[in-house]
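Student: Just dropping this structure here.
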Amino acid sequence: MYNNVDGKTRQDLEFLDVQYRALIRVGLDIGAIRGKDFLNDRGKFLIYGIITTYLQYGLILFAVHIFGVQIDKASAALSMFNQGSLLMLKVSILIFKSNRLLKLIWDMNLLATMANEPERETWLSENRFSKVIGNIYSTACIASVILSISIPIIFMSYEHFKGLEVSLKLPFDGEFPYEHLGIPIFILNYILSVIYVYTLLCWTIGIDTLFGWLIHAVSGHFRILRLKVEMAAKKIDEHGNHLDFVQDIGAIVRYHIKTLGFVDALNEIFGQIFWAEVAFSCLQMCFLIFTLNNGSDKRMIPFNAMVFTAISIQMMIYCFGGEKIKSENEMFCFDIYSKFPWEKMYPSEKRMMLLPLQRSQQDAALRGLFFELDRNLLVYIYRTAFSYNTLLGAMKE
């Protein structure tokens, strides 16, 4: 925690700089500590929201009108529409739950400040790894946006310099008012399209990498918990120190309660987002796969391939994040059994271990209404997406 130049207390953003920069550009501030300050710039957020809604309308209108004629172009438009709808829902949920979100970030950082040196290094290693994942995901998303914006300009420039008839093309197909007025409206729609993809870029980088950091933060606390178990066991095993046993077990139980509280808070804040992520991403991956296989506009293949890569990384962040939490909890449960030298412990100490043993078997899973986030879910998403792709292929034929 630190104070800014105005003397206001703010979040510790040492490992959240990618998330902070992405969200502050669209008027959201994860450095705040109160929900009412999360929406940092209402005017900017409103402008981006209006432009996003306008482009969403153009995309769905185009897809509805052309679906029965050119299903490949409709699929490309629906892919963008799905991503926009998903991100608008995510942002709305996080704004509504901003108090709980900011409190969760604060509480996890605060608990980490109480760590000793080995525990602090464990916490930092998890944070560093989450930063690497965030940078990889950001790069994939930025590459997708650059391709979407630049490819139409490159082809229109090529046609112009070759003396061919220039076909005016936006970064994605849509149906917008007053298109018949020609180049001035085309330029306006192109600028709005750039702002639209920029808004989606900031939202997706900010929200998804923030979730990734939260996962690694919870994992870091589980690893600290396991270190506490190891140190408590060593005191008895190597030094025959039974004096600190009650205090150590109490500290382990209290830390475990707080860590499981973080998991519950993640479910409470992101539960609806988990469900939407899976439902929308299945459809979006289906449309992307179909467009890559059957799209008539070969110029958009690099863009669609990069979007597919970004969506795949996005789903891995969520699904492997859930798997990571479950694995850390299971390893903590295993350590409780395996680390302590039961043969050297007093009967009273063994009885006292019943509480952490029972608590360690509590379930710690991330749930999206009626499913758990894990690697099995990721396989299910890919299978469902390819099944939808087969269905669309049959409809086209």
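All residue names refer to the structure tokens as shown: chains lettered A, B, ... in order, residues numbered from 1 in each chain, ligands numbered from 1 in order.
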Determine, for each residue of range 55-168 of chain A having at least one atom at most 9 Å from an atom of range 188-205 of chain A, the closest pair of atoms and their separation in Å to one decimal, counting only C-alpha atoms; order by chain and ascending number, as a tab-separated table.
Tutor:
```
residue	atom	partner	partner_atom	distance
A:Leu55	CA	A:Ser193	CA	7.0
A:Gln83	CA	A:Leu200	CA	8.0
A:Gly84	CA	A:Leu200	CA	6.7
A:Leu87	CA	A:Trp203	CA	6.6
A:Met88	CA	A:Trp203	CA	8.5
A:Lys90	CA	A:Trp203	CA	8.6
A:Val91	CA	A:Trp203	CA	7.3
A:Gly134	CA	A:Ile205	CA	7.9
A:Tyr137	CA	A:Ile205	CA	7.4
A:Ser138	CA	A:Ile205	CA	5.8
A:Cys141	CA	A:Leu201	CA	6.6
A:Ile142	CA	A:Leu201	CA	7.1
A:Val145	CA	A:Val197	CA	6.5
A:Ser148	CA	A:Val197	CA	8.4
A:Ile149	CA	A:Val194	CA	6.6
```
Student: So which residues touch Ser79 in chain A within 9 Å, counting only C-alpha atoms, skipping near sequence neighbours fewer than 6 positions away, as a VMD selection string?
Tutor: chain A and resid 283 to 288
Student: Would you mind exporting the chosen residues as a PDB file, in the first residue's frame, restricted to all heavy atoms?
Tutor:
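To be explicit, this is the file written out as again-v5.pdb:
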```pdb
ATOM      1  N   LEU A 283     -19.171 -20.130 -28.495  1.00  0.00           N
ATOM      2  CA  LEU A 283     -19.727 -19.611 -29.744  1.00  0.00           C
ATOM      3  C   LEU A 283     -18.679 -18.871 -30.558  1.00  0.00           C
ATOM      4  O   LEU A 283     -18.581 -19.029 -31.775  1.00  0.00           O
ATOM      5  CB  LEU A 283     -20.910 -18.685 -29.442  1.00  0.00           C
ATOM      6  CG  LEU A 283     -22.172 -19.358 -28.907  1.00  0.00           C
ATOM      7  CD1 LEU A 283     -23.198 -18.313 -28.467  1.00  0.00           C
ATOM      8  CD2 LEU A 283     -22.781 -20.273 -29.966  1.00  0.00           C
ATOM      9  N   GLN A 284     -17.881 -18.047 -29.875  1.00  0.00           N
ATOM     10  CA  GLN A 284     -16.899 -17.254 -30.609  1.00  0.00           C
ATOM     11  C   GLN A 284     -15.846 -18.137 -31.273  1.00  0.00           C
ATOM     12  O   GLN A 284     -15.455 -17.899 -32.421  1.00  0.00           O
ATOM     13  CB  GLN A 284     -16.222 -16.260 -29.667  1.00  0.00           C
ATOM     14  CG  GLN A 284     -15.330 -15.281 -30.418  1.00  0.00           C
ATOM     15  CD  GLN A 284     -14.793 -14.188 -29.529  1.00  0.00           C
ATOM     16  OE1 GLN A 284     -14.993 -14.214 -28.323  1.00  0.00           O
ATOM     17  NE2 GLN A 284     -14.097 -13.239 -30.120  1.00  0.00           N
ATOM     18  N   MET A 285     -15.379 -19.153 -30.548  1.00  0.00           N
ATOM     19  CA  MET A 285     -14.399 -20.066 -31.137  1.00  0.00           C
ATOM     20  C   MET A 285     -15.009 -20.838 -32.300  1.00  0.00           C
ATOM     21  O   MET A 285     -14.341 -21.092 -33.305  1.00  0.00           O
ATOM     22  CB  MET A 285     -13.866 -21.013 -30.070  1.00  0.00           C
ATOM     23  CG  MET A 285     -13.019 -20.318 -29.022  1.00  0.00           C
ATOM     24  SD  MET A 285     -12.387 -21.431 -27.764  1.00  0.00           S
ATOM     25  CE  MET A 285     -11.021 -22.163 -28.637  1.00  0.00           C
ATOM     26  N   CYS A 286     -16.275 -21.175 -32.167  1.00  0.00           N
ATOM     27  CA  CYS A 286     -16.973 -21.846 -33.267  1.00  0.00           C
ATOM     28  C   CYS A 286     -16.994 -20.965 -34.518  1.00  0.00           C
ATOM     29  O   CYS A 286     -16.635 -21.399 -35.614  1.00  0.00           O
ATOM     30  CB  CYS A 286     -18.395 -22.184 -32.842  1.00  0.00           C
ATOM     31  SG  CYS A 286     -19.537 -22.474 -34.196  1.00  0.00           S
ATOM     32  N   PHE A 287     -17.397 -19.698 -34.345  1.00  0.00           N
ATOM     33  CA  PHE A 287     -17.452 -18.778 -35.489  1.00  0.00           C
ATOM     34  C   PHE A 287     -16.071 -18.532 -36.080  1.00  0.00           C
ATOM     35  O   PHE A 287     -15.914 -18.438 -37.301  1.00  0.00           O
ATOM     36  CB  PHE A 287     -18.092 -17.450 -35.065  1.00  0.00           C
ATOM     37  CG  PHE A 287     -19.544 -17.564 -34.688  1.00  0.00           C
ATOM     38  CD1 PHE A 287     -20.043 -16.930 -33.560  1.00  0.00           C
ATOM     39  CD2 PHE A 287     -20.425 -18.319 -35.453  1.00  0.00           C
ATOM     40  CE1 PHE A 287     -21.370 -17.022 -33.203  1.00  0.00           C
ATOM     41  CE2 PHE A 287     -21.765 -18.433 -35.111  1.00  0.00           C
ATOM     42  CZ  PHE A 287     -22.240 -17.783 -33.973  1.00  0.00           C
ATOM     43  N   LEU A 288     -15.056 -18.434 -35.222  1.00  0.00           N
ATOM     44  CA  LEU A 288     -13.693 -18.212 -35.714  1.00  0.00           C
ATOM     45  C   LEU A 288     -13.190 -19.415 -36.506  1.00  0.00           C
ATOM     46  O   LEU A 288     -12.588 -19.256 -37.575  1.00  0.00           O
ATOM     47  CB  LEU A 288     -12.755 -17.928 -34.540  1.00  0.00           C
ATOM     48  CG  LEU A 288     -12.805 -16.521 -33.954  1.00  0.00           C
ATOM     49  CD1 LEU A 288     -12.010 -16.460 -32.649  1.00  0.00           C
ATOM     50  CD2 LEU A 288     -12.250 -15.495 -34.936  1.00  0.00           C
TER      51      LEU A 288
END
```
Student: I want to know what sits within 12 Å of Leu104 in chain A, based on only C-alpha atoms, with residues of the same chain fewer than 4 positions away left out; could you give that as a PyMOL selection string?
Tutor: chain A and resi 11+30+33-35+97-100+108-111+210-211+213-215+217-218+258-259+261-270
Student: Which residues are close to Gly220 in chain A, i.e. within 10 Å by only C-alpha atoms, leaving aside same-chain residues fewer than 2 positions away? Reply as a list in words.
Tutor: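 In the requested form, the answer reads Met108, Ala112, Glu119, Arg120, Glu121, Thr122, Trp123, Leu124, Ser125, Glu126, Asn127, Leu214, Ile215, His216, Ala217, Val218, Phe222, Arg223, Ile224, Leu225, Arg226, Thr259, Ile325 and Glu328 of chain A.
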Student: Save out the residues we just selected, N, CA, C and O atoms, as an mmCIF file, in the first residue's frame.
Tutor:
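Okay, this is what ended up in again.cif:
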```cif
data_model
loop_
_atom_site.group_PDB
_atom_site.id
_atom_site.type_symbol
_atom_site.label_atom_id
_atom_site.label_comp_id
_atom_site.auth_asym_id
_atom_site.auth_seq_id
_atom_site.Cartn_x
_atom_site.Cartn_y
_atom_site.Cartn_z
ATOM 1 N N MET A 108 -5.652 -9.197 -0.145
ATOM 2 C CA MET A 108 -4.603 -10.149 -0.520
ATOM 3 C C MET A 108 -3.225 -9.509 -0.437
ATOM 4 O O MET A 108 -2.262 -10.139 0.009
ATOM 5 N N ALA A 112 -0.137 -10.361 2.408
ATOM 6 C CA ALA A 112 1.218 -10.665 1.934
ATOM 7 C C ALA A 112 2.275 -9.825 2.655
ATOM 8 O O ALA A 112 3.425 -10.252 2.782
ATOM 9 N N GLU A 119 8.570 -16.576 2.892
ATOM 10 C CA GLU A 119 7.184 -16.474 2.431
ATOM 11 C C GLU A 119 7.037 -15.327 1.427
ATOM 12 O O GLU A 119 6.308 -15.449 0.440
ATOM 13 N N ARG A 120 7.724 -14.231 1.681
ATOM 14 C CA ARG A 120 7.674 -13.086 0.762
ATOM 15 C C ARG A 120 8.226 -13.452 -0.610
ATOM 16 O O ARG A 120 7.681 -13.063 -1.638
ATOM 17 N N GLU A 121 9.301 -14.237 -0.627
ATOM 18 C CA GLU A 121 9.888 -14.656 -1.905
ATOM 19 C C GLU A 121 8.924 -15.564 -2.673
ATOM 20 O O GLU A 121 8.819 -15.488 -3.906
ATOM 21 N N THR A 122 8.214 -16.419 -1.941
ATOM 22 C CA THR A 122 7.194 -17.268 -2.580
ATOM 23 C C THR A 122 6.100 -16.423 -3.204
ATOM 24 O O THR A 122 5.667 -16.673 -4.341
ATOM 25 N N TRP A 123 5.645 -15.421 -2.473
ATOM 26 C CA TRP A 123 4.612 -14.510 -2.974
ATOM 27 C C TRP A 123 5.096 -13.785 -4.229
ATOM 28 O O TRP A 123 4.375 -13.674 -5.222
ATOM 29 N N LEU A 124 6.325 -13.295 -4.204
ATOM 30 C CA LEU A 124 6.874 -12.549 -5.338
ATOM 31 C C LEU A 124 7.030 -13.440 -6.563
ATOM 32 O O LEU A 124 6.800 -12.996 -7.696
ATOM 33 N N SER A 125 7.420 -14.701 -6.367
ATOM 34 C CA SER A 125 7.594 -15.604 -7.508
ATOM 35 C C SER A 125 6.275 -15.842 -8.232
ATOM 36 O O SER A 125 6.228 -15.883 -9.473
ATOM 37 N N GLU A 126 5.180 -15.974 -7.489
ATOM 38 C CA GLU A 126 3.866 -16.133 -8.110
ATOM 39 C C GLU A 126 3.472 -14.865 -8.870
ATOM 40 O O GLU A 126 2.930 -14.930 -9.974
ATOM 41 N N ASN A 127 3.748 -13.717 -8.283
ATOM 42 C CA ASN A 127 3.405 -12.450 -8.928
ATOM 43 C C ASN A 127 4.211 -12.223 -10.201
ATOM 44 O O ASN A 127 3.686 -11.725 -11.197
ATOM 45 N N LEU A 214 -5.222 -12.379 -9.751
ATOM 46 C CA LEU A 214 -5.950 -12.843 -8.573
ATOM 47 C C LEU A 214 -5.717 -14.341 -8.333
ATOM 48 O O LEU A 214 -5.550 -14.781 -7.189
ATOM 49 N N ILE A 215 -5.700 -15.114 -9.413
ATOM 50 C CA ILE A 215 -5.440 -16.547 -9.305
ATOM 51 C C ILE A 215 -4.057 -16.792 -8.709
ATOM 52 O O ILE A 215 -3.880 -17.589 -7.780
ATOM 53 N N HIS A 216 -3.054 -16.112 -9.254
ATOM 54 C CA HIS A 216 -1.689 -16.322 -8.764
ATOM 55 C C HIS A 216 -1.516 -15.780 -7.352
ATOM 56 O O HIS A 216 -0.695 -16.300 -6.579
ATOM 57 N N ALA A 217 -2.270 -14.739 -6.997
ATOM 58 C CA ALA A 217 -2.213 -14.219 -5.634
ATOM 59 C C ALA A 217 -2.769 -15.242 -4.642
ATOM 60 O O ALA A 217 -2.164 -15.498 -3.586
ATOM 61 N N VAL A 218 -3.906 -15.854 -4.975
ATOM 62 C CA VAL A 218 -4.469 -16.902 -4.116
ATOM 63 C C VAL A 218 -3.505 -18.088 -4.039
ATOM 64 O O VAL A 218 -3.264 -18.643 -2.964
ATOM 65 N N PHE A 222 -1.655 -19.872 -0.806
ATOM 66 C CA PHE A 222 -1.645 -21.312 -0.526
ATOM 67 C C PHE A 222 -0.213 -21.813 -0.344
ATOM 68 O O PHE A 222 0.068 -22.644 0.532
ATOM 69 N N ARG A 223 0.700 -21.323 -1.156
ATOM 70 C CA ARG A 223 2.100 -21.743 -1.038
ATOM 71 C C ARG A 223 2.712 -21.245 0.272
ATOM 72 O O ARG A 223 3.519 -21.946 0.890
ATOM 73 N N ILE A 224 2.348 -20.025 0.673
ATOM 74 C CA ILE A 224 2.799 -19.526 1.977
ATOM 75 C C ILE A 224 2.262 -20.415 3.098
ATOM 76 O O ILE A 224 2.965 -20.737 4.068
ATOM 77 N N LEU A 225 1.016 -20.832 2.954
ATOM 78 C CA LEU A 225 0.389 -21.718 3.937
ATOM 79 C C LEU A 225 1.158 -23.032 4.043
ATOM 80 O O LEU A 225 1.403 -23.544 5.150
ATOM 81 N N ARG A 226 1.580 -23.554 2.904
ATOM 82 C CA ARG A 226 2.342 -24.801 2.911
ATOM 83 C C ARG A 226 3.717 -24.608 3.548
ATOM 84 O O ARG A 226 4.252 -25.520 4.198
ATOM 85 N N THR A 259 -7.430 -17.637 3.324
ATOM 86 C CA THR A 259 -7.179 -18.046 1.937
ATOM 87 C C THR A 259 -8.439 -18.608 1.286
ATOM 88 O O THR A 259 -8.759 -18.292 0.136
ATOM 89 N N ILE A 325 -5.920 -23.477 -8.497
ATOM 90 C CA ILE A 325 -6.455 -23.315 -7.142
ATOM 91 C C ILE A 325 -6.767 -24.674 -6.516
ATOM 92 O O ILE A 325 -6.428 -24.940 -5.361
ATOM 93 N N GLU A 328 -3.457 -26.469 -5.630
ATOM 94 C CA GLU A 328 -2.786 -25.911 -4.448
ATOM 95 C C GLU A 328 -3.484 -26.361 -3.164
ATOM 96 O O GLU A 328 -2.830 -26.679 -2.166
#
```
Student: Excluding Ile257 in chain A and its own-chain neighbours fewer than 6 positions away, which residues fall within 10 Å of it when counting only C-alpha atoms? Please give them as a list of chain:residue names.
Tutor: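 Those residues are A:Ala251, A:Arg359, A:Ser360.
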Student: Take the residues just selected and output them with N, CA, C and O atoms as a JSON list (two decimals), in the first residue's frame.
Tutor:
```json
[["chain", "number", "residue", "atom", "x", "y", "z"],
["A", 251, "ALA", "N", -1.98, -20.33, 13.83],
["A", 251, "ALA", "CA", -1.64, -19.45, 12.71],
["A", 251, "ALA", "C", -1.99, -20.10, 11.37],
["A", 251, "ALA", "O", -2.50, -19.45, 10.46],
["A", 359, "ARG", "N", -10.17, -29.13, 8.02],
["A", 359, "ARG", "CA", -10.28, -27.92, 7.21],
["A", 359, "ARG", "C", -9.57, -28.08, 5.86],
["A", 359, "ARG", "O", -10.02, -27.55, 4.85],
["A", 360, "SER", "N", -8.46, -28.81, 5.86],
["A", 360, "SER", "CA", -7.68, -28.96, 4.62],
["A", 360, "SER", "C", -8.44, -29.73, 3.55],
["A", 360, "SER", "O", -8.11, -29.66, 2.38]]
```
Student: Could you list, as a count of residues only, every residue within 12 Å of Ile154 in chain A, counting only C-alpha atoms and ignoring same-chain residues fewer than 3 positions away?
Tutor: 19
Student: One decimal, in Å: what's the spacing between CA of Leu39 in chain A and CA of Tyr20 in chain A?
Tutor: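 If I compute the distance from CA of Leu39 in chain A to CA of Tyr20 in chain A, I get 12.6 Å.
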Student: Kindly give the distance, in Å, that separates CA of Gln70 in chain A and CA of Ser312 in chain A, rounded to a single decimal.
Tutor: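 Distance reported for this atom pair: 26.1 Å.
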Student: Could you give me, as a PyMOL selection string, the residues within 10 Å of Lys234 in chain A, counting only C-alpha atoms and dropping anything in the same chain fewer than 6 positions from it?
Tutor: chain A and resi 228+240-241+339-341
Student: Restricted to C-alpha atoms, what would the selected residues look like written as a PDB file, in the first residue's frame?
Tutor:
```pdb
ATOM      1  CA  LYS A 228       3.998 -22.509   7.439  1.00  0.00           C
ATOM      2  CA  GLY A 240      12.144 -31.217  19.209  1.00  0.00           C
ATOM      3  CA  ASN A 241      10.429 -27.882  19.837  1.00  0.00           C
ATOM      4  CA  LYS A 339       5.095 -33.197   6.616  1.00  0.00           C
ATOM      5  CA  PHE A 340       4.390 -33.678  10.303  1.00  0.00           C
ATOM      6  CA  PRO A 341       6.428 -36.331  12.192  1.00  0.00           C
TER       7      PRO A 341
END
```
Student: Grab the CA of Val278 in chain A to CA of Leu377 in chain A distance for me, in Å with one decimal place.
Tutor: 8.7 Å
